[in-house]
Amino acid sequence: MATKNDFYDGLVGALEEGVDALRKGKILTIREVHLPPPPKPMSARQIGALRKNRLRVSQRVFARLTNTAPQTIHAWEQGRAKPSGSALRVLHIFKDKPEIAKELLRR
């Protein structure tokens with residue numbers, strides 16, 4: 001498993017390579033991309049627990065964090081609607097790394 005330092009070192013190395021290539025006039029292209037698998041669905045109960053227990057925010061604040069309407073959050077938690085793929089990705093990020101949501105609240 002990679003550590004935070006491994007990730008940082010890899011990122012810095014990639015940036016240095018990119019800057020060097022640009023200075024030499026090379027065109028940068030992406031040839032290979034590794035993406036995580038699509039996020040798994042979350043139940044209404046899981047979404048409510050994420051908001052109330054993990055992040056400890058109101059529906060209004062959670063709506064701001066997820067860039068949705070408070071009515072959307074309410075519908076998710078009541079099971080009347082399901083988060084879209086991109087919203088679901090954000091929910092999983094907040095579940096796995098709640099410090100990201102907390103950092104957004106400090107801005």
# chains A, B, ... in the order shown; residues from 1 in each chain; ligands from 1
>>> residues_around(residues="Gly79 (chain A)", least_positions_apart="5", cutoff="12 Å", atoms="only C-alpha atoms", output="list of chain:residue names")
A:Pro41, A:Met42, A:Ser43, A:Ala44, A:Arg45, A:Gln46, A:Ile47, A:Gly48, A:Thr72, A:Ile73, A:His74
>>> residues_around(residues="Thr68 (chain A)", least_positions_apart="2", cutoff="12 Å", atoms="only C-alpha atoms", output="list in words")
Gln59, Arg60, Val61, Phe62, Ala63, Arg64, Leu65, Thr66, Pro70, Gln71, Thr72, Ile73, His74, Ala75, Trp76, Pro83, Ser84, Ser86, Ala87, Leu88, Val90 and Leu91 of chain A
>>> write_last_selection(atoms="N, CA and C atoms", output="compact mmCIF listing (two decimals), in the first residue's frame")
# COMPACT_ATOMS: atom_id res chain seq x y z
N GLN A 59 -28.90 19.14 6.81
CA GLN A 59 -29.18 18.85 5.40
C GLN A 59 -28.78 20.04 4.53
N ARG A 60 -29.00 21.24 5.03
CA ARG A 60 -28.65 22.45 4.25
C ARG A 60 -27.14 22.52 4.00
N VAL A 61 -26.35 22.27 5.03
CA VAL A 61 -24.89 22.29 4.88
C VAL A 61 -24.43 21.14 3.98
N PHE A 62 -25.02 19.97 4.17
CA PHE A 62 -24.67 18.81 3.34
C PHE A 62 -24.99 19.11 1.87
N ALA A 63 -26.09 19.79 1.64
CA ALA A 63 -26.45 20.17 0.27
C ALA A 63 -25.38 21.08 -0.33
N ARG A 64 -24.90 22.02 0.45
CA ARG A 64 -23.84 22.92 -0.04
C ARG A 64 -22.57 22.12 -0.35
N LEU A 65 -22.23 21.18 0.54
CA LEU A 65 -21.02 20.37 0.33
C LEU A 65 -21.10 19.52 -0.93
N THR A 66 -22.30 19.03 -1.24
CA THR A 66 -22.47 18.15 -2.41
C THR A 66 -22.96 18.91 -3.64
N PRO A 70 -31.14 21.35 -0.85
CA PRO A 70 -31.56 20.66 0.38
C PRO A 70 -32.68 19.65 0.13
N GLN A 71 -33.57 19.95 -0.82
CA GLN A 71 -34.65 19.03 -1.16
C GLN A 71 -34.10 17.71 -1.71
N THR A 72 -32.99 17.80 -2.43
CA THR A 72 -32.36 16.61 -2.98
C THR A 72 -31.82 15.73 -1.86
N ILE A 73 -31.16 16.35 -0.89
CA ILE A 73 -30.64 15.60 0.25
C ILE A 73 -31.79 14.91 0.98
N HIS A 74 -32.87 15.65 1.20
CA HIS A 74 -34.05 15.09 1.88
C HIS A 74 -34.58 13.87 1.10
N ALA A 75 -34.68 14.01 -0.23
CA ALA A 75 -35.18 12.92 -1.07
C ALA A 75 -34.25 11.71 -1.00
N TRP A 76 -32.93 11.94 -0.99
CA TRP A 76 -31.98 10.83 -0.86
C TRP A 76 -32.18 10.10 0.45
N PRO A 83 -28.64 9.27 -5.55
CA PRO A 83 -27.60 10.16 -6.07
C PRO A 83 -27.11 9.71 -7.44
N SER A 84 -26.80 10.68 -8.29
CA SER A 84 -26.24 10.38 -9.61
C SER A 84 -24.83 9.86 -9.44
N SER A 86 -21.88 11.11 -10.32
CA SER A 86 -20.91 12.06 -9.79
C SER A 86 -21.19 12.40 -8.33
N ALA A 87 -22.46 12.56 -7.97
CA ALA A 87 -22.81 12.83 -6.57
C ALA A 87 -22.45 11.63 -5.70
N LEU A 88 -22.66 10.46 -6.22
CA LEU A 88 -22.33 9.24 -5.47
C LEU A 88 -20.81 9.17 -5.23
N VAL A 90 -18.82 11.72 -4.89
CA VAL A 90 -18.53 12.69 -3.83
C VAL A 90 -18.92 12.12 -2.46
N LEU A 91 -20.08 11.46 -2.38
CA LEU A 91 -20.51 10.88 -1.11
C LEU A 91 -19.49 9.85 -0.61
>>> select_by_dssp(residues="region 16-104 of chain A", states="helix (DSSP H, G or I)", output="JSON, numbers by chain")
{"A": [16, 17, 18, 19, 20, 21, 22, 23, 44, 45, 46, 47, 48, 49, 50, 51, 52, 53, 54, 55, 59, 60, 61, 62, 63, 64, 65, 66, 70, 71, 72, 73, 74, 75, 76, 77, 78, 85, 86, 87, 88, 89, 90, 91, 92, 93, 94, 95, 96, 98, 99, 100, 101, 102, 103, 104]}
>>> write_last_selection(atoms="C-alpha atoms", output="PDB file, in the first residue's frame")
ATOM      1  CA  GLU A  16       8.918  17.719 -12.751  1.00  0.00           C
ATOM      2  CA  GLU A  17       8.846  15.462 -15.824  1.00  0.00           C
ATOM      3  CA  GLY A  18       5.992  17.466 -17.303  1.00  0.00           C
ATOM      4  CA  VAL A  19       7.700  20.813 -16.727  1.00  0.00           C
ATOM      5  CA  ASP A  20      10.935  19.483 -18.213  1.00  0.00           C
ATOM      6  CA  ALA A  21       9.091  18.202 -21.293  1.00  0.00           C
ATOM      7  CA  LEU A  22       7.306  21.521 -21.779  1.00  0.00           C
ATOM      8  CA  ARG A  23      10.592  23.425 -21.532  1.00  0.00           C
ATOM      9  CA  ALA A  44     -30.928   6.163   2.239  1.00  0.00           C
ATOM     10  CA  ARG A  45     -29.807   4.977   5.684  1.00  0.00           C
ATOM     11  CA  GLN A  46     -26.118   5.142   4.705  1.00  0.00           C
ATOM     12  CA  ILE A  47     -26.502   8.662   3.305  1.00  0.00           C
ATOM     13  CA  GLY A  48     -28.296   9.848   6.435  1.00  0.00           C
ATOM     14  CA  ALA A  49     -25.664   8.259   8.680  1.00  0.00           C
ATOM     15  CA  LEU A  50     -22.884   9.866   6.653  1.00  0.00           C
ATOM     16  CA  ARG A  51     -24.431  13.290   7.041  1.00  0.00           C
ATOM     17  CA  LYS A  52     -25.573  13.027  10.667  1.00  0.00           C
ATOM     18  CA  ASN A  53     -22.970  10.782  12.301  1.00  0.00           C
ATOM     19  CA  ARG A  54     -19.810  11.045  10.231  1.00  0.00           C
ATOM     20  CA  LEU A  55     -19.913  14.678   9.091  1.00  0.00           C
ATOM     21  CA  GLN A  59     -29.177  18.853   5.404  1.00  0.00           C
ATOM     22  CA  ARG A  60     -28.652  22.447   4.248  1.00  0.00           C
ATOM     23  CA  VAL A  61     -24.891  22.295   4.881  1.00  0.00           C
ATOM     24  CA  PHE A  62     -24.671  18.811   3.336  1.00  0.00           C
ATOM     25  CA  ALA A  63     -26.448  20.173   0.269  1.00  0.00           C
ATOM     26  CA  ARG A  64     -23.839  22.916  -0.043  1.00  0.00           C
ATOM     27  CA  LEU A  65     -21.023  20.368   0.330  1.00  0.00           C
ATOM     28  CA  THR A  66     -22.474  18.155  -2.408  1.00  0.00           C
ATOM     29  CA  PRO A  70     -31.555  20.664   0.375  1.00  0.00           C
ATOM     30  CA  GLN A  71     -34.651  19.026  -1.158  1.00  0.00           C
ATOM     31  CA  THR A  72     -32.357  16.605  -2.983  1.00  0.00           C
ATOM     32  CA  ILE A  73     -30.644  15.601   0.254  1.00  0.00           C
ATOM     33  CA  HIS A  74     -34.046  15.087   1.876  1.00  0.00           C
ATOM     34  CA  ALA A  75     -35.178  12.917  -1.067  1.00  0.00           C
ATOM     35  CA  TRP A  76     -31.975  10.829  -0.865  1.00  0.00           C
ATOM     36  CA  GLU A  77     -32.427  10.266   2.852  1.00  0.00           C
ATOM     37  CA  GLN A  78     -36.091   9.342   2.397  1.00  0.00           C
ATOM     38  CA  GLY A  85     -22.874   8.886 -10.478  1.00  0.00           C
ATOM     39  CA  SER A  86     -20.906  12.064  -9.790  1.00  0.00           C
ATOM     40  CA  ALA A  87     -22.805  12.831  -6.571  1.00  0.00           C
ATOM     41  CA  LEU A  88     -22.325   9.244  -5.475  1.00  0.00           C
ATOM     42  CA  ARG A  89     -18.576   9.586  -6.072  1.00  0.00           C
ATOM     43  CA  VAL A  90     -18.533  12.692  -3.828  1.00  0.00           C
ATOM     44  CA  LEU A  91     -20.508  10.876  -1.111  1.00  0.00           C
ATOM     45  CA  HIS A  92     -17.984   8.028  -1.124  1.00  0.00           C
ATOM     46  CA  ILE A  93     -15.093  10.478  -0.933  1.00  0.00           C
ATOM     47  CA  PHE A  94     -16.713  12.143   2.091  1.00  0.00           C
ATOM     48  CA  LYS A  95     -17.352   8.721   3.647  1.00  0.00           C
ATOM     49  CA  ASP A  96     -13.763   7.582   3.172  1.00  0.00           C
ATOM     50  CA  PRO A  98     -14.444  13.119   6.018  1.00  0.00           C
ATOM     51  CA  GLU A  99     -11.592  15.549   6.551  1.00  0.00           C
ATOM     52  CA  ILE A 100     -12.120  16.740   2.968  1.00  0.00           C
ATOM     53  CA  ALA A 101     -15.673  17.833   3.772  1.00  0.00           C
ATOM     54  CA  LYS A 102     -14.488  19.442   6.991  1.00  0.00           C
ATOM     55  CA  GLU A 103     -11.786  21.327   5.089  1.00  0.00           C
ATOM     56  CA  LEU A 104     -14.390  22.619   2.628  1.00  0.00           C
TER      57      LEU A 104
END
